[in-house]
Structures are given as C-alpha cells and as structure tokens.
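Visitor: my_file-v3.cif is reproduced below (mmCIF, N, CA and C atoms).
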```cif
data_protein
loop_
_atom_site.label_atom_id
_atom_site.label_comp_id
_atom_site.auth_asym_id
_atom_site.auth_seq_id
_atom_site.Cartn_x
_atom_site.Cartn_y
_atom_site.Cartn_z
N MET Y 1 217.29 188.39 327.16
CA MET Y 1 217.24 187.05 327.67
C MET Y 1 218.58 186.71 328.29
N SER Y 2 218.56 186.38 329.52
CA SER Y 2 219.80 186.00 330.20
C SER Y 2 219.91 184.49 330.25
N SER Y 3 221.11 184.03 330.50
CA SER Y 3 221.34 182.60 330.60
C SER Y 3 221.21 182.13 332.05
N LYS Y 4 220.44 182.85 332.82
CA LYS Y 4 220.25 182.53 334.23
C LYS Y 4 219.48 181.22 334.37
N SER Y 5 219.79 180.46 335.40
CA SER Y 5 219.13 179.18 335.64
C SER Y 5 217.66 179.39 336.00
N LEU Y 6 216.87 178.38 335.75
CA LEU Y 6 215.46 178.45 336.09
C LEU Y 6 215.27 178.53 337.60
N PHE Y 7 216.16 177.93 338.34
CA PHE Y 7 216.08 177.93 339.80
C PHE Y 7 217.05 178.98 340.33
N ASP Y 8 216.55 179.83 341.23
CA ASP Y 8 217.38 180.90 341.76
C ASP Y 8 218.29 180.45 342.89
N SER Y 9 217.89 179.45 343.63
CA SER Y 9 218.71 179.02 344.75
C SER Y 9 218.74 177.49 344.80
N GLU Y 10 219.62 176.99 345.67
CA GLU Y 10 219.71 175.54 345.84
C GLU Y 10 218.46 174.98 346.50
N GLU Y 11 217.81 175.78 347.33
CA GLU Y 11 216.59 175.31 348.00
C GLU Y 11 215.47 175.07 346.98
N ASP Y 12 215.36 175.94 345.98
CA ASP Y 12 214.35 175.74 344.94
C ASP Y 12 214.66 174.48 344.13
N ALA Y 13 215.93 174.25 343.84
CA ALA Y 13 216.32 173.05 343.10
C ALA Y 13 216.05 171.80 343.93
N ALA Y 14 216.27 171.89 345.24
CA ALA Y 14 216.01 170.75 346.11
C ALA Y 14 214.52 170.44 346.15
N GLN Y 15 213.68 171.46 346.17
CA GLN Y 15 212.23 171.25 346.17
C GLN Y 15 211.78 170.62 344.85
N ALA Y 16 212.36 171.05 343.75
CA ALA Y 16 212.01 170.47 342.45
C ALA Y 16 212.44 169.01 342.38
N ASN Y 17 213.62 168.70 342.91
CA ASN Y 17 214.08 167.31 342.94
C ASN Y 17 213.20 166.45 343.84
N LYS Y 18 212.74 167.03 344.94
CA LYS Y 18 211.87 166.30 345.86
C LYS Y 18 210.53 166.00 345.18
N LEU Y 19 209.98 166.97 344.45
CA LEU Y 19 208.73 166.76 343.73
C LEU Y 19 208.91 165.72 342.63
N ALA Y 20 210.01 165.75 341.93
CA ALA Y 20 210.26 164.77 340.87
C ALA Y 20 210.41 163.36 341.46
N ARG Y 21 211.06 163.24 342.60
CA ARG Y 21 211.22 161.94 343.25
C ARG Y 21 209.87 161.40 343.73
N LYS Y 22 209.05 162.27 344.31
CA LYS Y 22 207.73 161.83 344.78
C LYS Y 22 206.84 161.44 343.60
N ALA Y 23 206.99 162.12 342.47
CA ALA Y 23 206.20 161.78 341.28
C ALA Y 23 206.60 160.41 340.75
N LYS Y 24 207.88 160.05 340.85
CA LYS Y 24 208.31 158.72 340.43
C LYS Y 24 207.80 157.65 341.38
N GLU Y 25 207.82 157.94 342.69
CA GLU Y 25 207.38 156.96 343.68
C GLU Y 25 205.87 156.75 343.64
N SER Y 26 205.13 157.84 343.45
CA SER Y 26 203.67 157.77 343.50
C SER Y 26 203.08 158.61 342.38
N PRO Y 27 202.97 158.04 341.17
CA PRO Y 27 202.46 158.85 340.05
C PRO Y 27 200.99 159.23 340.20
N PHE Y 28 200.23 158.49 340.99
CA PHE Y 28 198.82 158.83 341.17
C PHE Y 28 198.65 160.07 342.04
N MET Y 29 199.69 160.47 342.76
CA MET Y 29 199.62 161.71 343.52
C MET Y 29 199.43 162.89 342.57
N LEU Y 30 200.18 162.89 341.47
CA LEU Y 30 200.03 163.97 340.50
C LEU Y 30 198.67 163.93 339.83
N VAL Y 31 198.14 162.73 339.59
CA VAL Y 31 196.80 162.61 339.02
C VAL Y 31 195.77 163.17 340.00
N GLY Y 32 195.96 162.89 341.28
CA GLY Y 32 195.06 163.42 342.31
C GLY Y 32 195.10 164.93 342.39
N ILE Y 33 196.29 165.50 342.32
CA ILE Y 33 196.42 166.95 342.34
C ILE Y 33 195.78 167.55 341.09
N GLY Y 34 195.99 166.91 339.94
CA GLY Y 34 195.35 167.39 338.71
C GLY Y 34 193.84 167.30 338.78
N GLY Y 35 193.32 166.21 339.36
CA GLY Y 35 191.87 166.08 339.53
C GLY Y 35 191.31 167.14 340.46
N PHE Y 36 192.06 167.46 341.51
CA PHE Y 36 191.64 168.50 342.44
C PHE Y 36 191.56 169.86 341.74
N VAL Y 37 192.58 170.16 340.95
CA VAL Y 37 192.58 171.43 340.21
C VAL Y 37 191.45 171.45 339.18
N ALA Y 38 191.23 170.32 338.50
CA ALA Y 38 190.15 170.25 337.51
C ALA Y 38 188.79 170.43 338.17
N ALA Y 39 188.59 169.82 339.34
CA ALA Y 39 187.32 169.99 340.05
C ALA Y 39 187.13 171.45 340.45
N GLY Y 40 188.19 172.10 340.85
CA GLY Y 40 188.11 173.52 341.20
C GLY Y 40 187.77 174.39 340.00
N LEU Y 41 188.40 174.11 338.86
CA LEU Y 41 188.12 174.90 337.67
C LEU Y 41 186.71 174.67 337.14
N ILE Y 42 186.27 173.42 337.16
CA ILE Y 42 184.90 173.11 336.72
C ILE Y 42 183.90 173.77 337.67
N GLY Y 43 184.20 173.74 338.96
CA GLY Y 43 183.32 174.38 339.94
C GLY Y 43 183.25 175.88 339.75
N ALA Y 44 184.38 176.51 339.44
CA ALA Y 44 184.37 177.94 339.19
C ALA Y 44 183.54 178.28 337.95
N TYR Y 45 183.60 177.42 336.95
CA TYR Y 45 182.80 177.64 335.74
C TYR Y 45 181.31 177.45 336.03
N LYS Y 46 180.98 176.41 336.80
CA LYS Y 46 179.57 176.12 337.09
C LYS Y 46 178.98 177.03 338.16
N TYR Y 47 179.79 177.80 338.83
CA TYR Y 47 179.30 178.68 339.89
C TYR Y 47 178.30 179.69 339.33
N ARG Y 48 178.51 180.12 338.14
CA ARG Y 48 177.61 181.12 337.54
C ARG Y 48 176.24 180.53 337.23
N ASN Y 49 176.16 179.23 336.97
CA ASN Y 49 174.90 178.60 336.59
C ASN Y 49 174.34 177.73 337.71
N ARG Y 50 174.53 178.12 338.95
CA ARG Y 50 174.09 177.29 340.06
C ARG Y 50 172.61 177.41 340.36
N GLY Y 51 171.94 178.35 339.75
CA GLY Y 51 170.50 178.51 339.94
C GLY Y 51 170.19 179.11 341.30
N THR Y 52 169.25 178.50 342.01
CA THR Y 52 168.83 179.04 343.31
C THR Y 52 169.62 178.45 344.46
N MET Y 53 170.57 177.61 344.18
CA MET Y 53 171.38 176.98 345.24
C MET Y 53 172.22 178.06 345.93
N SER Y 54 172.28 177.99 347.26
CA SER Y 54 173.08 178.96 347.99
C SER Y 54 174.57 178.70 347.76
N THR Y 55 175.34 179.74 347.96
CA THR Y 55 176.78 179.63 347.72
C THR Y 55 177.43 178.63 348.67
N SER Y 56 177.02 178.62 349.92
CA SER Y 56 177.65 177.71 350.88
C SER Y 56 177.39 176.24 350.54
N VAL Y 57 176.18 175.92 350.08
CA VAL Y 57 175.87 174.54 349.69
C VAL Y 57 176.66 174.17 348.44
N PHE Y 58 176.77 175.08 347.50
CA PHE Y 58 177.54 174.82 346.28
C PHE Y 58 179.00 174.56 346.61
N LEU Y 59 179.58 175.38 347.48
CA LEU Y 59 180.98 175.20 347.84
C LEU Y 59 181.21 173.93 348.64
N MET Y 60 180.24 173.54 349.45
CA MET Y 60 180.35 172.28 350.19
C MET Y 60 180.37 171.10 349.22
N GLN Y 61 179.49 171.10 348.23
CA GLN Y 61 179.46 170.03 347.24
C GLN Y 61 180.74 170.01 346.41
N LEU Y 62 181.26 171.17 346.09
CA LEU Y 62 182.50 171.27 345.33
C LEU Y 62 183.67 170.71 346.14
N ARG Y 63 183.72 171.01 347.43
CA ARG Y 63 184.78 170.51 348.29
C ARG Y 63 184.73 168.99 348.38
N VAL Y 64 183.54 168.43 348.51
CA VAL Y 64 183.39 166.98 348.59
C VAL Y 64 183.84 166.32 347.28
N ALA Y 65 183.50 166.93 346.15
CA ALA Y 65 183.91 166.38 344.85
C ALA Y 65 185.43 166.42 344.69
N ALA Y 66 186.05 167.53 345.09
CA ALA Y 66 187.50 167.64 344.96
C ALA Y 66 188.22 166.67 345.89
N GLN Y 67 187.76 166.55 347.13
CA GLN Y 67 188.39 165.62 348.06
C GLN Y 67 188.17 164.17 347.63
N GLY Y 68 187.01 163.88 347.09
CA GLY Y 68 186.74 162.53 346.60
C GLY Y 68 187.65 162.15 345.46
N THR Y 69 187.96 163.11 344.60
CA THR Y 69 188.87 162.86 343.49
C THR Y 69 190.26 162.51 344.01
N VAL Y 70 190.74 163.28 344.96
CA VAL Y 70 192.09 163.05 345.50
C VAL Y 70 192.14 161.72 346.25
N VAL Y 71 191.16 161.44 347.09
CA VAL Y 71 191.16 160.19 347.85
C VAL Y 71 191.05 158.99 346.92
N GLY Y 72 190.23 159.09 345.89
CA GLY Y 72 190.11 158.00 344.92
C GLY Y 72 191.42 157.73 344.19
N CYS Y 73 192.10 158.78 343.76
CA CYS Y 73 193.37 158.60 343.07
C CYS Y 73 194.44 158.02 344.00
N LEU Y 74 194.48 158.47 345.24
CA LEU Y 74 195.46 157.92 346.17
C LEU Y 74 195.15 156.46 346.50
N THR Y 75 193.88 156.10 346.59
CA THR Y 75 193.51 154.71 346.84
C THR Y 75 193.91 153.82 345.68
N ILE Y 76 193.65 154.27 344.46
CA ILE Y 76 194.05 153.50 343.28
C ILE Y 76 195.57 153.38 343.22
N GLY Y 77 196.28 154.44 343.54
CA GLY Y 77 197.74 154.40 343.56
C GLY Y 77 198.28 153.44 344.60
N LEU Y 78 197.67 153.42 345.77
CA LEU Y 78 198.10 152.50 346.82
C LEU Y 78 197.83 151.05 346.40
N ALA Y 79 196.67 150.80 345.83
CA ALA Y 79 196.35 149.44 345.37
C ALA Y 79 197.31 149.01 344.28
N TYR Y 80 197.64 149.90 343.38
CA TYR Y 80 198.59 149.58 342.30
C TYR Y 80 199.97 149.26 342.86
N SER Y 81 200.45 150.07 343.79
CA SER Y 81 201.79 149.82 344.34
C SER Y 81 201.82 148.53 345.15
N MET Y 82 200.74 148.22 345.88
CA MET Y 82 200.70 146.97 346.63
C MET Y 82 200.64 145.77 345.68
N ALA Y 83 199.87 145.88 344.61
CA ALA Y 83 199.79 144.78 343.64
C ALA Y 83 201.13 144.59 342.95
N LYS Y 84 201.79 145.69 342.63
CA LYS Y 84 203.09 145.59 341.97
C LYS Y 84 204.12 144.93 342.88
N GLU Y 85 204.06 145.26 344.16
CA GLU Y 85 205.05 144.72 345.10
C GLU Y 85 204.76 143.28 345.48
N TYR Y 86 203.52 142.93 345.71
CA TYR Y 86 203.20 141.61 346.26
C TYR Y 86 202.68 140.60 345.24
N LEU Y 87 202.02 141.05 344.20
CA LEU Y 87 201.43 140.11 343.25
C LEU Y 87 202.26 139.93 341.98
N PHE Y 88 202.78 141.02 341.44
CA PHE Y 88 203.46 140.95 340.15
C PHE Y 88 204.95 140.68 340.28
N ASP Y 89 205.52 140.87 341.45
CA ASP Y 89 206.95 140.65 341.66
C ASP Y 89 207.17 139.20 342.07
N LYS Y 90 207.64 138.38 341.14
CA LYS Y 90 207.84 136.95 341.40
C LYS Y 90 209.29 136.63 341.77
N ALA Y 91 210.17 137.62 341.82
CA ALA Y 91 211.56 137.38 342.16
C ALA Y 91 211.66 137.08 343.66
N PRO Y 92 212.59 136.20 344.04
CA PRO Y 92 212.73 135.89 345.47
C PRO Y 92 213.24 137.11 346.24
N LYS Y 93 212.80 137.22 347.45
CA LYS Y 93 213.22 138.34 348.30
C LYS Y 93 214.63 138.11 348.81
N GLU Y 94 215.43 139.18 348.89
CA GLU Y 94 216.81 139.06 349.34
C GLU Y 94 216.93 139.04 350.86
N ASN Y 95 215.95 139.54 351.57
CA ASN Y 95 216.08 139.67 353.00
C ASN Y 95 215.52 138.47 353.76
N THR Y 96 215.29 137.36 353.09
CA THR Y 96 214.81 136.18 353.79
C THR Y 96 215.98 135.47 354.46
N LYS Y 97 215.72 134.88 355.62
CA LYS Y 97 216.78 134.18 356.35
C LYS Y 97 217.01 132.80 355.74
N SER Y 98 218.24 132.41 355.71
CA SER Y 98 218.55 131.08 355.21
C SER Y 98 218.35 130.05 356.34
N LEU Y 99 218.07 128.84 355.98
CA LEU Y 99 217.81 127.78 356.97
C LEU Y 99 219.08 127.18 357.52
N THR Y 100 220.25 127.46 356.92
CA THR Y 100 221.50 126.86 357.36
C THR Y 100 222.12 127.59 358.52
N ASN Y 101 221.66 128.75 358.90
CA ASN Y 101 222.26 129.52 360.02
C ASN Y 101 221.89 128.96 361.31
#
```
Give the structure from the file, written as structure tokens.
Guide:
Amino acid sequence: MSSKSLFDSEEDAAQANKLARKAKESPFMLVGIGGFVAAGLIGAYKYRNRGTMSTSVFLMQLRVAAQGTVVGCLTIGLAYSMAKEYLFDKAPKENTKSLTN
C-alpha cells in the first residue's frame, strides 16, 4: 500500500472539484443520474423476463423510462431552486437601485 494520492494528476482533481461544485449547486442532478443508472440496472434484470416482446421495443421503453427519470428529477430540481430563490428568500436584494440617485 502506497501513500499515493487518489488523484494522479491535477486535471483529475479539477474534475472531482467540478463535480462536487455541481452537486452542491444542483443536488437533483445526482438524483437524476442515480435514477438513470437504476433504470438501466432494472432494465438489464428484466430483459431476461421480457416474454415475446422484441428487443428493440424493450430497449425503446427502457430508454423512455430512463430519460423520463432524468427529466423529472431536473424539473423538480429547477422548481426547488426557483422556489428557494424567489419564494423562500425574504431578505432584500442588494442589487436594487436606490431612489435618491
């Protein structure tokens, strides 16, 4: 076992920092990615029990389910961020112009 860093280069560390920053800004993005992966894994499991359904129809339905999961999570995340910014934030805005100018 060496004491080598988990990241081999600065570019890898920069990508990890970028992902961490995006996760803080939009936590529903990670939920969407997780839902996409879950839909893929469930689809792979159900592929064996698809019955007489053709493979192309099964994969089309799986793609629609995975995309629907991601779009739904991003929509909920956008609605949450808009509500947080416009409805729940009661502090006065700093960038408003004063009337005395």
Visitor: Between Y:Val31, Y:Leu41, Y:Ala83, Y:Val57, which has the minimum distance to Val71 (chain Y) (counting only C-alpha atoms)?
Guide: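 Among Y:Val31, Y:Leu41, Y:Ala83, Y:Val57, it is Y:Val31 that comes nearest to Val71 (chain Y).
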Visitor: Name the closest residue to Ala66 (chain Y) among the candidates Y:Tyr86, Y:Glu11, Y:Gly34, Y:Ala39; distances are taken between atoms, counting only C-alpha atoms.
Guide: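 Residue with the minimum atom-to-atom distance to Ala66 (chain Y): Y:Ala39.
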Visitor: Ranking Y:Ala13, Y:Met82, Y:Leu62, Y:Leu87 by minimum distance to Gly43 (chain Y) and counting only N, CA and C atoms, which one comes first?
Guide: Y:Leu62
Visitor: Please indicate the distance in Å from CA of Lys46 (chain Y) to atom N of Thr75 (chain Y), rounded to one decimal place.
Guide: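 Computing the Euclidean distance for CA of Lys46 (chain Y) and atom N of Thr75 (chain Y) yields 26.4 Å.
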Visitor: Taking all atoms of region 15-34 of chain Y that appear in the file, build a box with edges along x, y and z, extend it by 4 Å on every side, and state its centre and edge lengths in Å to one decimal, as AutoDock Vina command-line options.
Guide:
```
--center_x 204.0 --center_y 164.1 --center_z 342.4 --size_x 28.2 --size_y 22.7 --size_z 15.5
```
Visitor: Rank Y:Ala16, Y:Leu78, Y:Lys84, Y:Gln61 by their smallest atom-to-atom distance to Tyr47 (chain Y), using only C-alpha atoms, and report the top residue only.
Guide: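 Using only C-alpha atoms, Tyr47 (chain Y) sits closest to Y:Gln61.
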Visitor: Which neighbours of Gly72 (chain Y) fall inside 12 Å, counting only C-alpha atoms, when residues of the same chain fewer than 2 positions from it are skipped, and could you give them as a CSV table (one decimal) with N, CA and C atoms, keeping the file's coordinate frame?
Guide:
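part.csv was written with the following content:
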```
chain,number,residue,atom,x,y,z
Y,28,PHE,N,200.2,158.5,341.0
Y,28,PHE,CA,198.8,158.8,341.2
Y,28,PHE,C,198.6,160.1,342.0
Y,29,MET,N,199.7,160.5,342.8
Y,29,MET,CA,199.6,161.7,343.5
Y,29,MET,C,199.4,162.9,342.6
Y,31,VAL,N,198.1,162.7,339.6
Y,31,VAL,CA,196.8,162.6,339.0
Y,31,VAL,C,195.8,163.2,340.0
Y,32,GLY,N,196.0,162.9,341.3
Y,32,GLY,CA,195.1,163.4,342.3
Y,32,GLY,C,195.1,164.9,342.4
Y,33,ILE,N,196.3,165.5,342.3
Y,33,ILE,CA,196.4,167.0,342.3
Y,33,ILE,C,195.8,167.6,341.1
Y,35,GLY,N,193.3,166.2,339.4
Y,35,GLY,CA,191.9,166.1,339.5
Y,35,GLY,C,191.3,167.1,340.5
Y,36,PHE,N,192.1,167.5,341.5
Y,36,PHE,CA,191.6,168.5,342.4
Y,36,PHE,C,191.6,169.9,341.7
Y,64,VAL,N,183.5,168.4,348.5
Y,64,VAL,CA,183.4,167.0,348.6
Y,64,VAL,C,183.8,166.3,347.3
Y,65,ALA,N,183.5,166.9,346.2
Y,65,ALA,CA,183.9,166.4,344.8
Y,65,ALA,C,185.4,166.4,344.7
Y,66,ALA,N,186.0,167.5,345.1
Y,66,ALA,CA,187.5,167.6,345.0
Y,66,ALA,C,188.2,166.7,345.9
Y,67,GLN,N,187.8,166.6,347.1
Y,67,GLN,CA,188.4,165.6,348.1
Y,67,GLN,C,188.2,164.2,347.6
Y,68,GLY,N,187.0,163.9,347.1
Y,68,GLY,CA,186.7,162.5,346.6
Y,68,GLY,C,187.6,162.2,345.5
Y,69,THR,N,188.0,163.1,344.6
Y,69,THR,CA,188.9,162.9,343.5
Y,69,THR,C,190.3,162.5,344.0
Y,70,VAL,N,190.7,163.3,345.0
Y,70,VAL,CA,192.1,163.0,345.5
Y,70,VAL,C,192.1,161.7,346.2
Y,74,LEU,N,194.5,158.5,345.2
Y,74,LEU,CA,195.5,157.9,346.2
Y,74,LEU,C,195.2,156.5,346.5
Y,75,THR,N,193.9,156.1,346.6
Y,75,THR,CA,193.5,154.7,346.8
Y,75,THR,C,193.9,153.8,345.7
Y,76,ILE,N,193.6,154.3,344.5
Y,76,ILE,CA,194.0,153.5,343.3
Y,76,ILE,C,195.6,153.4,343.2
Y,77,GLY,N,196.3,154.4,343.5
Y,77,GLY,CA,197.7,154.4,343.6
Y,77,GLY,C,198.3,153.4,344.6
Y,78,LEU,N,197.7,153.4,345.8
Y,78,LEU,CA,198.1,152.5,346.8
Y,78,LEU,C,197.8,151.0,346.4
Y,79,ALA,N,196.7,150.8,345.8
Y,79,ALA,CA,196.4,149.4,345.4
Y,79,ALA,C,197.3,149.0,344.3
```
Visitor: Do you have the atom N of Leu59 (chain Y)-atom N of Ala38 (chain Y) distance handy?
Guide: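 Distance between the two atoms: 15.6 Å.
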Visitor: Pull region 46-58 of chain Y out of the block and emit all heavy atoms, as a short mmCIF file (atom, residue, chain, number, x, y, z; two decimals), in the first residue's frame.
Guide:
```cif
data_model
loop_
_atom_site.label_atom_id
_atom_site.label_comp_id
_atom_site.auth_asym_id
_atom_site.auth_seq_id
_atom_site.Cartn_x
_atom_site.Cartn_y
_atom_site.Cartn_z
N LYS Y 46 -34.72 -7.11 -15.99
CA LYS Y 46 -35.99 -7.51 -16.59
C LYS Y 46 -35.85 -7.97 -18.04
O LYS Y 46 -36.80 -8.51 -18.60
CB LYS Y 46 -36.99 -6.34 -16.53
CG LYS Y 46 -37.50 -6.09 -15.13
CD LYS Y 46 -38.60 -5.06 -15.15
CE LYS Y 46 -39.21 -4.93 -13.77
NZ LYS Y 46 -40.37 -4.05 -13.79
N TYR Y 47 -34.71 -7.77 -18.64
CA TYR Y 47 -34.51 -8.16 -20.02
C TYR Y 47 -34.71 -9.67 -20.21
O TYR Y 47 -35.22 -10.11 -21.23
CB TYR Y 47 -33.11 -7.75 -20.49
CG TYR Y 47 -32.81 -8.12 -21.91
CD1 TYR Y 47 -33.40 -7.43 -22.95
CD2 TYR Y 47 -31.95 -9.16 -22.21
CE1 TYR Y 47 -33.14 -7.76 -24.26
CE2 TYR Y 47 -31.67 -9.50 -23.52
CZ TYR Y 47 -32.27 -8.80 -24.54
OH TYR Y 47 -32.01 -9.14 -25.83
N ARG Y 48 -34.34 -10.42 -19.23
CA ARG Y 48 -34.46 -11.88 -19.34
C ARG Y 48 -35.92 -12.33 -19.30
O ARG Y 48 -36.25 -13.38 -19.84
CB ARG Y 48 -33.69 -12.55 -18.21
CG ARG Y 48 -32.19 -12.25 -18.32
CD ARG Y 48 -31.43 -13.03 -17.34
NE ARG Y 48 -31.48 -14.42 -17.77
CZ ARG Y 48 -30.75 -15.39 -17.27
NH1 ARG Y 48 -29.91 -15.10 -16.32
NH2 ARG Y 48 -30.86 -16.61 -17.70
N ASN Y 49 -36.79 -11.56 -18.64
CA ASN Y 49 -38.19 -11.95 -18.50
C ASN Y 49 -39.11 -11.10 -19.36
O ASN Y 49 -40.24 -10.82 -18.98
CB ASN Y 49 -38.61 -11.82 -17.03
CG ASN Y 49 -37.78 -12.68 -16.13
OD1 ASN Y 49 -37.37 -13.77 -16.50
ND2 ASN Y 49 -37.48 -12.17 -14.95
N ARG Y 50 -38.67 -10.70 -20.53
CA ARG Y 50 -39.47 -9.82 -21.37
C ARG Y 50 -40.55 -10.54 -22.14
O ARG Y 50 -41.42 -9.92 -22.74
CB ARG Y 50 -38.58 -9.03 -22.31
CG ARG Y 50 -37.93 -9.84 -23.40
CD ARG Y 50 -36.98 -8.99 -24.21
NE ARG Y 50 -36.49 -9.70 -25.36
CZ ARG Y 50 -35.52 -10.58 -25.36
NH1 ARG Y 50 -34.92 -10.86 -24.22
NH2 ARG Y 50 -35.15 -11.19 -26.46
N GLY Y 51 -40.53 -11.85 -22.14
CA GLY Y 51 -41.56 -12.62 -22.83
C GLY Y 51 -41.37 -12.57 -24.34
O GLY Y 51 -40.26 -12.75 -24.84
N THR Y 52 -42.46 -12.30 -25.05
CA THR Y 52 -42.40 -12.30 -26.52
C THR Y 52 -42.09 -10.92 -27.08
O THR Y 52 -42.08 -10.75 -28.29
CB THR Y 52 -43.74 -12.79 -27.10
OG1 THR Y 52 -44.78 -11.90 -26.65
CG2 THR Y 52 -44.04 -14.20 -26.65
N MET Y 53 -41.86 -9.96 -26.24
CA MET Y 53 -41.55 -8.60 -26.70
C MET Y 53 -40.20 -8.60 -27.41
O MET Y 53 -39.24 -9.21 -26.95
CB MET Y 53 -41.51 -7.64 -25.50
CG MET Y 53 -41.32 -6.19 -25.88
SD MET Y 53 -41.09 -5.08 -24.48
CE MET Y 53 -42.50 -5.43 -23.50
N SER Y 54 -40.13 -7.90 -28.54
CA SER Y 54 -38.86 -7.83 -29.26
C SER Y 54 -37.86 -6.98 -28.49
O SER Y 54 -38.23 -6.12 -27.68
CB SER Y 54 -39.06 -7.26 -30.66
OG SER Y 54 -39.41 -5.90 -30.58
N THR Y 55 -36.60 -7.22 -28.78
CA THR Y 55 -35.54 -6.50 -28.07
C THR Y 55 -35.60 -5.00 -28.35
O THR Y 55 -35.40 -4.18 -27.45
CB THR Y 55 -34.17 -7.06 -28.48
OG1 THR Y 55 -34.14 -8.45 -28.18
CG2 THR Y 55 -33.06 -6.37 -27.73
N SER Y 56 -35.87 -4.62 -29.58
CA SER Y 56 -35.88 -3.19 -29.92
C SER Y 56 -37.00 -2.45 -29.20
O SER Y 56 -36.80 -1.33 -28.73
CB SER Y 56 -36.02 -3.01 -31.43
OG SER Y 56 -37.26 -3.53 -31.88
N VAL Y 57 -38.18 -3.06 -29.07
CA VAL Y 57 -39.28 -2.43 -28.35
C VAL Y 57 -38.94 -2.33 -26.86
O VAL Y 57 -39.19 -1.30 -26.22
CB VAL Y 57 -40.60 -3.20 -28.57
CG1 VAL Y 57 -41.70 -2.68 -27.66
CG2 VAL Y 57 -41.02 -3.13 -30.02
N PHE Y 58 -38.34 -3.36 -26.31
CA PHE Y 58 -37.96 -3.34 -24.90
C PHE Y 58 -36.95 -2.24 -24.64
O PHE Y 58 -37.08 -1.48 -23.67
CB PHE Y 58 -37.38 -4.70 -24.49
CG PHE Y 58 -36.93 -4.74 -23.07
CD1 PHE Y 58 -37.83 -4.91 -22.04
CD2 PHE Y 58 -35.58 -4.59 -22.75
CE1 PHE Y 58 -37.42 -4.94 -20.73
CE2 PHE Y 58 -35.17 -4.62 -21.44
CZ PHE Y 58 -36.08 -4.79 -20.43
#
```
